[in-house]
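Printed here is data.cif (mmCIF, C-alpha atoms):
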```
data_work
loop_
_atom_site.group_PDB
_atom_site.id
_atom_site.type_symbol
_atom_site.label_atom_id
_atom_site.label_comp_id
_atom_site.auth_asym_id
_atom_site.auth_seq_id
_atom_site.Cartn_x
_atom_site.Cartn_y
_atom_site.Cartn_z
ATOM 1 C CA MET A 1 0.000 0.000 0.000
ATOM 2 C CA ASN A 2 2.721 2.488 0.988
ATOM 3 C CA HIS A 3 4.828 1.560 -2.033
ATOM 4 C CA SER A 4 1.897 2.139 -4.396
ATOM 5 C CA ILE A 5 1.087 5.513 -2.808
ATOM 6 C CA ASN A 6 4.723 6.586 -3.065
ATOM 7 C CA ASN A 7 4.780 5.471 -6.694
ATOM 8 C CA GLN A 8 1.634 7.517 -7.384
ATOM 9 C CA LEU A 9 3.204 10.537 -5.710
ATOM 10 C CA THR A 10 6.420 10.369 -7.735
ATOM 11 C CA SER A 11 4.571 9.551 -10.970
ATOM 12 C CA SER A 12 2.104 12.425 -10.497
ATOM 13 C CA TYR A 13 4.746 15.024 -9.633
ATOM 14 C CA THR A 14 8.293 15.386 -10.857
ATOM 15 C CA LYS A 15 11.098 15.448 -8.313
ATOM 16 C CA LYS A 16 11.719 19.110 -9.138
ATOM 17 C CA THR A 17 8.049 19.930 -8.490
ATOM 18 C CA LEU A 18 8.077 18.165 -5.124
ATOM 19 C CA ILE A 19 11.278 19.968 -4.143
ATOM 20 C CA LEU A 20 9.720 23.276 -5.227
ATOM 21 C CA TYR A 21 6.599 22.637 -3.110
ATOM 22 C CA ALA A 22 8.747 21.692 -0.121
ATOM 23 C CA SER A 23 10.952 24.775 -0.604
ATOM 24 C CA ILE A 24 7.930 27.084 -0.770
ATOM 25 C CA SER A 25 6.544 25.512 2.420
ATOM 26 C CA ALA A 26 9.889 25.941 4.188
ATOM 27 C CA PHE A 27 10.178 29.542 3.013
ATOM 28 C CA ALA A 28 6.654 30.312 4.242
ATOM 29 C CA ALA A 29 7.492 28.758 7.612
ATOM 30 C CA ILE A 30 10.616 30.919 7.954
ATOM 31 C CA LEU A 31 8.635 34.057 7.104
ATOM 32 C CA ILE A 32 5.966 33.218 9.681
ATOM 33 C CA ALA A 33 8.591 32.396 12.322
ATOM 34 C CA GLY A 34 10.634 35.496 11.523
ATOM 35 C CA PHE A 35 7.679 37.862 11.816
ATOM 36 C CA TRP A 36 6.004 36.010 14.707
ATOM 37 C CA ASN A 37 4.638 38.497 17.240
ATOM 38 C CA TYR A 38 4.871 36.570 20.483
ATOM 39 C CA HIS A 39 3.675 39.579 22.480
ATOM 40 C CA LEU A 40 0.374 39.482 20.599
ATOM 41 C CA VAL A 41 -0.318 35.736 20.761
ATOM 42 C CA ASP A 42 1.032 35.228 24.283
ATOM 43 C CA GLY A 43 -0.917 38.259 25.441
ATOM 44 C CA PHE A 44 -4.098 36.901 23.848
ATOM 45 C CA GLY A 45 -3.739 33.659 25.771
ATOM 46 C CA GLN A 46 -2.682 35.274 29.034
ATOM 47 C CA ASN A 47 -4.897 38.345 29.135
ATOM 48 C CA PHE A 48 -7.932 37.429 27.061
ATOM 49 C CA ILE A 49 -8.389 33.686 27.622
ATOM 50 C CA ALA A 50 -6.923 33.197 31.102
ATOM 51 C CA GLY A 51 -7.631 36.732 32.335
ATOM 52 C CA ASN A 52 -11.321 36.581 31.414
ATOM 53 C CA THR A 53 -11.894 33.118 32.857
ATOM 54 C CA ILE A 54 -9.801 32.495 35.958
ATOM 55 C CA GLY A 55 -8.052 35.846 36.433
ATOM 56 C CA ASP A 56 -4.416 36.727 37.039
ATOM 57 C CA THR A 57 -2.539 33.410 36.867
ATOM 58 C CA SER A 58 0.562 34.863 38.524
ATOM 59 C CA GLU A 59 -1.526 35.512 41.648
ATOM 60 C CA LEU A 60 -3.232 32.123 41.422
ATOM 61 C CA ALA A 61 0.030 30.183 41.055
ATOM 62 C CA GLY A 62 0.794 29.992 44.767
ATOM 63 C CA GLY A 63 -2.797 29.561 45.909
ATOM 64 C CA PHE A 64 -3.180 25.787 46.076
ATOM 65 C CA GLU A 65 -4.102 25.774 49.771
ATOM 66 C CA GLN A 66 -6.622 28.580 49.207
ATOM 67 C CA TYR A 67 -8.308 27.328 46.017
ATOM 68 C CA GLY A 68 -7.865 23.580 46.430
ATOM 69 C CA SER A 69 -7.225 20.598 44.191
ATOM 70 C CA GLY A 70 -10.478 20.903 42.216
ATOM 71 C CA PHE A 71 -9.581 24.334 40.905
ATOM 72 C CA GLY A 72 -6.318 22.874 39.642
ATOM 73 C CA PHE A 73 -8.201 21.029 36.885
ATOM 74 C CA ILE A 74 -9.831 24.286 35.752
ATOM 75 C CA PHE A 75 -6.461 26.046 35.898
ATOM 76 C CA ALA A 76 -4.959 23.198 33.857
ATOM 77 C CA ALA A 77 -7.598 23.280 31.122
ATOM 78 C CA ILE A 78 -7.357 27.072 30.802
ATOM 79 C CA ALA A 79 -3.545 26.929 30.732
ATOM 80 C CA GLY A 80 -3.742 24.460 27.854
ATOM 81 C CA LEU A 81 -6.372 26.454 25.982
ATOM 82 C CA ALA A 82 -4.488 29.725 26.485
ATOM 83 C CA ALA A 83 -1.394 28.158 24.881
ATOM 84 C CA THR A 84 -3.281 27.238 21.673
ATOM 85 C CA PHE A 85 -1.823 29.931 19.415
ATOM 86 C CA THR A 86 1.564 30.421 21.063
ATOM 87 C CA ALA A 87 4.772 29.651 19.174
ATOM 88 C CA CYS A 88 5.162 26.484 21.218
ATOM 89 C CA ASN A 89 1.755 25.133 20.251
ATOM 90 C CA CYS A 90 0.531 26.660 16.968
ATOM 91 C CA VAL A 91 2.372 23.963 15.003
ATOM 92 C CA VAL A 92 -0.267 21.516 16.281
ATOM 93 C CA PHE A 93 -2.361 22.697 13.326
ATOM 94 C CA ALA A 94 0.306 21.379 10.945
ATOM 95 C CA MET A 95 -0.688 17.939 12.222
ATOM 96 C CA LEU A 96 -4.326 18.427 11.214
ATOM 97 C CA PRO A 97 -4.017 17.434 7.524
ATOM 98 C CA GLY A 98 -2.340 14.167 8.443
ATOM 99 C CA LEU A 99 -5.251 13.248 10.699
ATOM 100 C CA ALA A 100 -8.098 14.584 8.558
ATOM 101 C CA CYS A 101 -6.775 12.872 5.426
ATOM 102 C CA SER A 102 -6.099 9.555 7.131
ATOM 103 C CA ALA A 103 -9.347 7.910 6.050
ATOM 104 C CA ASP A 104 -9.722 5.154 3.544
ATOM 105 C CA GLN A 105 -12.423 2.559 3.088
ATOM 106 C CA SER A 106 -11.238 0.306 5.900
ATOM 107 C CA LYS A 107 -12.323 0.632 9.502
ATOM 108 C CA VAL A 108 -8.704 0.541 10.609
ATOM 109 C CA ASN A 109 -8.083 3.910 9.026
ATOM 110 C CA ASN A 110 -11.326 5.569 10.113
ATOM 111 C CA PRO A 111 -10.508 9.219 10.904
ATOM 112 C CA TRP A 112 -12.327 9.057 14.254
ATOM 113 C CA MET A 113 -10.075 6.183 15.284
ATOM 114 C CA ALA A 114 -7.082 8.267 14.200
ATOM 115 C CA LEU A 115 -8.375 11.113 16.359
ATOM 116 C CA GLY A 116 -8.755 8.750 19.300
ATOM 117 C CA ALA A 117 -5.180 7.546 18.819
ATOM 118 C CA PHE A 118 -4.003 11.168 18.663
ATOM 119 C CA VAL A 119 -5.783 12.063 21.914
ATOM 120 C CA GLY A 120 -4.390 8.891 23.474
ATOM 121 C CA GLY A 121 -0.835 9.877 22.542
ATOM 122 C CA VAL A 122 -1.259 13.350 24.049
ATOM 123 C CA THR A 123 -2.780 11.831 27.189
ATOM 124 C CA ILE A 124 0.030 9.312 27.705
ATOM 125 C CA VAL A 125 2.763 11.966 27.548
ATOM 126 C CA SER A 126 0.731 14.328 29.744
ATOM 127 C CA ILE A 127 0.301 11.685 32.429
ATOM 128 C CA ILE A 128 4.014 10.853 32.473
ATOM 129 C CA TYR A 129 5.013 14.515 32.641
ATOM 130 C CA GLY A 130 2.410 15.157 35.341
ATOM 131 C CA ILE A 131 3.827 12.334 37.448
ATOM 132 C CA TYR A 132 7.256 13.912 37.083
ATOM 133 C CA ILE A 133 5.946 17.333 38.188
ATOM 134 C CA GLY A 134 4.302 15.715 41.208
ATOM 135 C CA LEU A 135 7.546 13.989 42.132
ATOM 136 C CA ILE A 136 9.849 17.028 41.905
ATOM 137 C CA GLY A 137 7.385 19.236 43.808
ATOM 138 C CA PRO A 138 7.526 23.024 44.257
ATOM 139 C CA THR A 139 11.312 23.187 44.657
ATOM 140 C CA GLY A 140 11.922 21.300 41.447
ATOM 141 C CA VAL A 141 9.421 23.379 39.485
ATOM 142 C CA GLU A 142 10.911 26.589 40.872
ATOM 143 C CA ALA A 143 14.339 25.539 39.605
ATOM 144 C CA MET A 144 12.850 24.534 36.239
ATOM 145 C CA ASN A 145 11.034 27.875 35.898
ATOM 146 C CA VAL A 146 14.201 29.968 36.025
ATOM 147 C CA GLN A 147 14.211 31.906 32.747
ATOM 148 C CA GLU A 148 17.558 30.573 31.502
ATOM 149 C CA VAL A 149 16.503 26.988 32.228
ATOM 150 C CA ARG A 150 13.040 27.166 30.685
ATOM 151 C CA LEU A 151 14.297 28.901 27.518
ATOM 152 C CA SER A 152 17.094 26.374 27.134
ATOM 153 C CA GLN A 153 14.554 23.602 27.659
ATOM 154 C CA ALA A 154 12.245 25.140 25.048
ATOM 155 C CA GLN A 155 15.015 25.551 22.477
ATOM 156 C CA THR A 156 16.171 21.963 22.884
ATOM 157 C CA VAL A 157 12.746 20.302 22.932
ATOM 158 C CA PHE A 158 11.204 22.238 20.045
ATOM 159 C CA THR A 159 14.296 22.072 17.852
ATOM 160 C CA VAL A 160 14.403 18.288 18.255
ATOM 161 C CA LEU A 161 10.660 18.028 17.590
ATOM 162 C CA GLY A 162 11.113 20.241 14.525
ATOM 163 C CA ILE A 163 13.828 17.940 13.172
ATOM 164 C CA ILE A 164 11.577 14.911 13.716
ATOM 165 C CA MET A 165 8.696 16.621 11.910
ATOM 166 C CA LEU A 166 10.976 17.677 9.049
ATOM 167 C CA ILE A 167 12.284 14.130 8.588
ATOM 168 C CA TRP A 168 8.727 12.795 8.716
ATOM 169 C CA GLY A 169 7.702 15.343 6.093
ATOM 170 C CA PHE A 170 10.597 14.260 3.856
ATOM 171 C CA LEU A 171 9.477 10.642 4.252
ATOM 172 C CA GLU A 172 5.918 11.568 3.272
ATOM 173 C CA MET A 173 7.225 13.434 0.208
ATOM 174 C CA GLY A 174 9.309 10.456 -0.905
ATOM 175 C CA PHE A 175 12.661 12.206 -0.456
ATOM 176 C CA LEU A 176 13.976 9.481 1.841
ATOM 177 C CA ASP A 177 12.642 6.395 0.043
ATOM 178 C CA ARG A 178 16.072 4.761 0.020
ATOM 179 C CA ILE A 179 16.126 4.816 3.811
ATOM 180 C CA LYS A 180 12.456 3.849 4.083
ATOM 181 C CA ASN A 181 12.970 0.847 1.789
ATOM 182 C CA LEU A 182 15.522 -0.584 4.224
ATOM 183 C CA PHE A 183 12.545 -1.541 6.412
ATOM 184 C CA SER A 184 10.247 -4.466 5.681
ATOM 185 C CA ASN A 185 6.896 -3.990 3.943
ATOM 186 C CA SER A 186 5.053 -5.017 7.115
ATOM 187 C CA THR A 187 6.916 -2.370 9.157
ATOM 188 C CA GLN A 188 6.162 0.300 6.563
ATOM 189 C CA SER A 189 2.497 -0.732 6.446
ATOM 190 C CA PHE A 190 2.236 -0.576 10.238
ATOM 191 C CA MET A 191 3.855 2.843 10.400
ATOM 192 C CA GLY A 192 1.579 4.054 7.604
ATOM 193 C CA THR A 193 -1.734 3.264 9.310
ATOM 194 C CA ALA A 194 -3.850 6.113 10.622
ATOM 195 C CA ILE A 195 -3.785 4.631 14.137
ATOM 196 C CA THR A 196 0.014 4.611 14.243
ATOM 197 C CA LYS A 197 0.291 8.066 12.721
ATOM 198 C CA GLY A 198 -2.357 9.440 15.078
ATOM 199 C CA THR A 199 -0.529 8.022 18.097
ATOM 200 C CA VAL A 200 2.866 9.372 17.002
ATOM 201 C CA ILE A 201 1.378 12.808 16.279
ATOM 202 C CA GLY A 202 -0.253 12.741 19.717
ATOM 203 C CA ILE A 203 3.052 11.907 21.406
ATOM 204 C CA LEU A 204 4.802 14.754 19.587
ATOM 205 C CA VAL A 205 2.073 17.229 20.552
ATOM 206 C CA GLY A 206 2.096 15.951 24.135
ATOM 207 C CA LEU A 207 5.810 16.737 24.276
ATOM 208 C CA PHE A 208 5.041 20.382 23.482
ATOM 209 C CA ALA A 209 4.247 20.817 27.174
ATOM 210 C CA VAL A 210 7.701 19.588 28.170
ATOM 211 C CA GLY A 211 9.348 22.531 26.428
ATOM 212 C CA ARG A 212 6.633 25.159 26.847
ATOM 213 C CA PRO A 213 7.956 28.446 28.361
ATOM 214 C CA PHE A 214 4.529 30.175 28.232
ATOM 215 C CA PRO A 215 4.036 32.065 31.559
ATOM 216 C CA VAL A 216 0.460 30.838 32.128
ATOM 217 C CA PHE A 217 1.628 27.244 31.781
ATOM 218 C CA ARG A 218 4.606 27.763 34.061
ATOM 219 C CA GLU A 219 2.354 29.328 36.681
ATOM 220 C CA PHE A 220 0.035 26.344 36.399
ATOM 221 C CA LEU A 221 3.036 24.058 37.047
ATOM 222 C CA ILE A 222 3.726 25.953 40.281
ATOM 223 C CA TYR A 223 0.109 25.410 41.359
ATOM 224 C CA ALA A 224 0.107 21.699 40.461
ATOM 225 C CA ALA A 225 3.463 20.990 42.129
ATOM 226 C CA GLN A 226 2.216 22.248 45.502
ATOM 227 C CA ALA A 227 0.109 19.115 45.891
ATOM 228 C CA GLU A 228 3.355 17.092 45.851
ATOM 229 C CA SER A 229 1.358 14.192 44.439
ATOM 230 C CA PRO A 230 2.326 12.276 41.289
ATOM 231 C CA LEU A 231 -1.285 11.095 40.915
ATOM 232 C CA TYR A 232 -2.664 14.628 41.126
ATOM 233 C CA GLY A 233 0.049 15.870 38.789
ATOM 234 C CA ALA A 234 -0.940 13.222 36.235
ATOM 235 C CA GLY A 235 -4.608 14.193 36.470
ATOM 236 C CA VAL A 236 -4.213 17.939 36.047
ATOM 237 C CA MET A 237 -1.551 17.588 33.366
ATOM 238 C CA MET A 238 -3.929 15.375 31.419
ATOM 239 C CA ALA A 239 -6.537 18.161 31.640
ATOM 240 C CA GLN A 240 -3.921 20.621 30.391
ATOM 241 C CA GLY A 241 -3.041 18.326 27.492
ATOM 242 C CA LEU A 242 -6.677 18.101 26.408
ATOM 243 C CA GLY A 243 -7.033 21.872 26.741
ATOM 244 C CA GLN A 244 -4.134 22.531 24.367
ATOM 245 C CA ILE A 245 -5.700 20.412 21.589
ATOM 246 C CA LEU A 246 -9.353 21.381 22.110
ATOM 247 C CA ILE A 247 -9.473 23.824 19.170
ATOM 248 C CA MET A 248 -7.764 21.316 16.903
ATOM 249 C CA ILE A 249 -10.237 18.588 17.881
ATOM 250 C CA LEU A 250 -13.154 20.909 17.144
ATOM 251 C CA LEU A 251 -11.708 21.841 13.739
ATOM 252 C CA PHE A 252 -11.087 18.174 12.981
ATOM 253 C CA ALA A 253 -14.647 17.266 13.935
ATOM 254 C CA ILE A 254 -16.065 20.045 11.738
ATOM 255 C CA MET A 255 -13.927 18.968 8.776
ATOM 256 C CA VAL A 256 -14.951 15.331 9.063
ATOM 257 C CA TRP A 257 -18.607 16.169 9.777
ATOM 258 C CA ILE A 258 -18.930 18.512 6.805
ATOM 259 C CA GLY A 259 -16.700 16.749 4.300
ATOM 260 C CA GLY A 260 -16.104 13.305 5.782
ATOM 261 C CA LYS A 261 -17.441 11.309 2.830
ATOM 262 C CA LYS A 262 -15.705 13.540 0.296
ATOM 263 C CA LEU A 263 -12.468 13.249 2.245
ATOM 264 C CA MET A 264 -12.852 9.476 2.297
ATOM 265 C CA VAL A 265 -13.435 9.290 -1.463
ATOM 266 C CA TRP A 266 -10.600 11.732 -2.142
ATOM 267 C CA ALA A 267 -8.160 9.867 0.129
ATOM 268 C CA THR A 268 -9.160 6.516 -1.393
ATOM 269 C CA GLU A 269 -9.116 7.531 -5.063
ATOM 270 C CA SER A 270 -6.053 9.792 -4.851
ATOM 271 C CA PRO A 271 -4.091 8.725 -1.748
ATOM 272 C CA HIS A 272 -0.967 10.505 -3.002
ATOM 273 C CA LYS A 273 -2.676 13.912 -2.648
ATOM 274 C CA PRO A 274 -3.366 13.751 1.110
ATOM 275 C CA LYS A 275 0.122 12.296 1.498
ATOM 276 C CA LEU A 276 1.519 15.347 -0.279
ATOM 277 C CA LEU A 277 -0.591 17.689 1.847
ATOM 278 C CA SER A 278 0.488 15.934 5.027
ATOM 279 C CA GLY A 279 4.152 16.046 4.014
ATOM 280 C CA LEU A 280 4.061 19.759 3.204
ATOM 281 C CA ALA A 281 2.278 20.547 6.488
ATOM 282 C CA LEU A 282 4.891 18.603 8.468
ATOM 283 C CA ILE A 283 7.736 20.356 6.637
ATOM 284 C CA THR A 284 6.143 23.731 7.358
ATOM 285 C CA GLY A 285 5.714 22.942 11.059
ATOM 286 C CA GLY A 286 9.166 21.395 11.370
ATOM 287 C CA VAL A 287 10.954 24.325 9.726
ATOM 288 C CA PHE A 288 8.979 26.782 11.886
ATOM 289 C CA PHE A 289 10.187 25.041 15.061
ATOM 290 C CA ILE A 290 13.779 24.699 13.843
ATOM 291 C CA PHE A 291 14.026 28.336 12.780
ATOM 292 C CA TYR A 292 12.065 29.956 15.621
ATOM 293 C CA TRP A 293 13.384 27.898 18.527
ATOM 294 C CA GLY A 294 16.750 26.808 17.170
ATOM 295 C CA LEU A 295 18.402 29.082 14.612
ATOM 296 C CA ALA A 296 16.777 32.389 15.595
ATOM 297 C CA PHE A 297 17.778 32.012 19.240
ATOM 298 C CA ALA A 298 21.262 30.672 18.497
ATOM 299 C CA PHE A 299 22.212 33.299 15.900
ATOM 300 C CA ASP A 300 19.797 36.156 16.697
ATOM 301 C CA ILE A 301 18.282 36.098 13.206
ATOM 302 C CA GLY A 302 14.589 36.214 14.121
ATOM 303 C CA GLN A 303 12.085 38.748 15.497
ATOM 304 C CA TRP A 304 12.138 40.755 12.255
ATOM 305 C CA GLY A 305 8.905 42.573 13.056
ATOM 306 C CA PHE A 306 10.415 43.924 16.284
ATOM 307 C CA LYS A 307 13.736 44.810 14.650
ATOM 308 C CA LEU A 308 11.996 46.662 11.816
ATOM 309 C CA GLY A 309 9.770 48.510 14.280
ATOM 310 C CA LEU A 310 6.560 47.052 12.811
ATOM 311 C CA TYR A 311 5.249 46.191 16.276
#
```

Structure rendered as structure tokens:
Amino acid sequence: MNHSINNQLTSSYTKKTLILYASISAFAAILIAGFWNYHLVDGFGQNFIAGNTIGDTSELAGGFEQYGSGFGFIFAAIAGLAATFTACNCVVFAMLPGLACSADQSKVNNPWMALGAFVGGVTIVSIIYGIYIGLIGPTGVEAMNVQEVRLSQAQTVFTVLGIIMLIWGFLEMGFLDRIKNLFSNSTQSFMGTAITKGTVIGILVGLFAVGRPFPVFREFLIYAAQAESPLYGAGVMMAQGLGQILIMILLFAIMVWIGGKKLMVWATESPHKPKLLSGLALITGGVFFIFYWGLAFAFDIGQWGFKLGLY
């Protein structure tokens, strides 16, 4: 199945055309990353979403004894939702084409099952990270929240995730077929199923929280750590993980509800087209992460809008 799709992709588009599409996607990602206004998007999440629902998160951060464990779940969900359009989370939307176009005529590749696998992947990582936060407690979180530490953590995590996404995008585009063909057909078929892809995408998105420097999220970590309970940490971090993908899930549901049958027919009759779309989206997201969190920080070549005085 994967071989035939790859053959259709390379027979429908010349190598030069595929490279051109990938180059345009990478260029667009660099432009977006270079002109990214983090003050605007971070402020929207912090002031509009969090501020209009639970209030000033910096004041709430140390209030576990006052507000209790139940409020922690609300804090968690809002912290996740507020991070939706930040530079450490917006790339989640680059994963959407891969999920929405994962349908074919078999039940195994039903898009709803892919969505379930995606949510499961996010949940697994969130639980593990929540257990860790519960174990290190307030002292550990305080040390982790030092600006130099959290920025270093963000640069490392998101650059690595960007490289993974870029390689995955190259695989989808057929640029790394020689490496892919080293694996057996059964391994390639397994990795190509919607369930596997959904799970891997979910794990990658779940790891966004590990590197996230967003103040609202960091203040939520302070609140959660005060319980000094791995079980509680797992629970609230799971709520945070679901909050960060809520908008994506809603968009996915709307896409499948409105055009589910058309998507199914399209993905079945022309499977190379959703594969191309998925590959380009992954390349765009991967290059955004690599440039914004890796190259721009290391060589001070980003923040063009600020440097040009546009905002």

**Request:** Run the PyMOL selection byres ((chain A and resi 66-69) around 10) on the file and write out the hits as a list in words.
**Result:**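 So the PyMOL selection byres ((chain A and resi 66-69) around 10) ends up selecting Leu60, Gly62, Gly63, Phe64, Glu65, Gly70, Phe71, Gly72, Phe73, Ile74, Phe75, Tyr223, Ala224, Gln226, Ala227, Tyr232 and Val236 of chain A.
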
Once the PyMOL selection byres ((chain A and resi 216) around 7) has been evaluated on this model, what residues remain selected, and can you format them as a PDB file with C-alpha atoms, in the coordinates of the input?
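Heads up, here's the output in expr32.pdb:
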```pdb
ATOM      1  CA  GLN A  46      -2.682  35.274  29.034  1.00  0.00           C
ATOM      2  CA  THR A  57      -2.539  33.410  36.867  1.00  0.00           C
ATOM      3  CA  ALA A  79      -3.545  26.929  30.732  1.00  0.00           C
ATOM      4  CA  PHE A 214       4.529  30.175  28.232  1.00  0.00           C
ATOM      5  CA  PRO A 215       4.036  32.065  31.559  1.00  0.00           C
ATOM      6  CA  PHE A 217       1.628  27.244  31.781  1.00  0.00           C
ATOM      7  CA  ARG A 218       4.606  27.763  34.061  1.00  0.00           C
ATOM      8  CA  GLU A 219       2.354  29.328  36.681  1.00  0.00           C
ATOM      9  CA  PHE A 220       0.035  26.344  36.399  1.00  0.00           C
TER      10      PHE A 220
END
```

**Request:** List, as number ranges by chain, every residue that the PyMOL selection byres ((chain A and resi 296) around 12) selects in the file provided.
**Result:** A: 30-31, 33-36, 155, 159, 287-295, 297-304

**Message:** I'd like the interatomic distance between atom CA of Gly137 of chain A and atom CA of Val125 of chain A, to a tenth of an Å.
**Reply:** 18.4 Å

**Fill in**
The residue from A:Ala76, A:Ala117, A:Ile24, A:Val265 with the smallest atom-to-atom distance to Leu221 of chain A, counting all atoms listed in the file, is A:Ala76

**Message:** Here is a test: counting all atoms listed in the file, which residue of A:Leu18, A:Met237, A:Val160, A:Leu96 is nearest to Gly211 of chain A?
**Reply:**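 Closest residue, counting all atoms listed in the file: A:Val160.
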
**Prompt:** Taking all atoms listed in the file into account, which of A:Trp257, A:Phe190, A:Phe175, A:Phe208 comes nearest Leu9 of chain A?
**Reply:** A:Phe175

**Request:** Select, from A:Lys16, A:Lys273, A:Leu115, A:Gly51, the residue with the minimum atom-to-atom distance to Leu250 of chain A, counting only C-alpha atoms.
**Result:**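 Closest to Leu250 of chain A of all the choices is A:Leu115.
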
**Asked** What does the distance from atom CA of Ile201 of chain A to atom CA of Gly121 of chain A come to in Å, to one decimal?
**Response**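 Rounded to one decimal, the two atoms are 7.3 Å apart.
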
Please enclose the listed atoms of segment 295-302 of chain A in an axis-aligned box, pad each side by 3 Å, and write out the centre and the three edge lengths in Å, rounded to one decimal, as lines of an AutoDock Vina configuration file.
```
center_x = 18.4
center_y = 32.6
center_z = 16.2
size_x = 13.6
size_y = 13.1
size_z = 12.0
```

**Request:** For Glu172 of chain A, please output as a VMD selection string all residues within 8 Å (counting only C-alpha atoms; exclusion window: fewer than 2 positions along the same chain).
**Result:** chain A and resid 168 to 170 174 to 175 275 to 276 278 to 279

**Request:** Between atom CA of Gly140 of chain A and atom CA of Ile222 of chain A, measure the distance and give it in Å to one decimal.
**Result:**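 Atom CA of Ile222 of chain A lies at a distance of 9.5 Å from atom CA of Gly140 of chain A.
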
**Request:** Tell me which of A:Pro97, A:Gly235, A:Gly309, A:Gly286 sits closest to Thr123 of chain A, counting only C-alpha atoms.
**Result:**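 Residue with the minimum atom-to-atom distance to Thr123 of chain A: A:Gly235.
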
**Request:** Fewer than 6 positions away in the same chain doesn't count, so skip those; otherwise give me all residues within 12 Å of Ile124 of chain A, counting all atoms listed in the file, as JSON, numbers by chain.
**Result:** {"A": [117, 118, 130, 131, 199, 200, 202, 203, 204, 205, 206, 207, 234, 235, 237, 238, 239, 241, 242]}
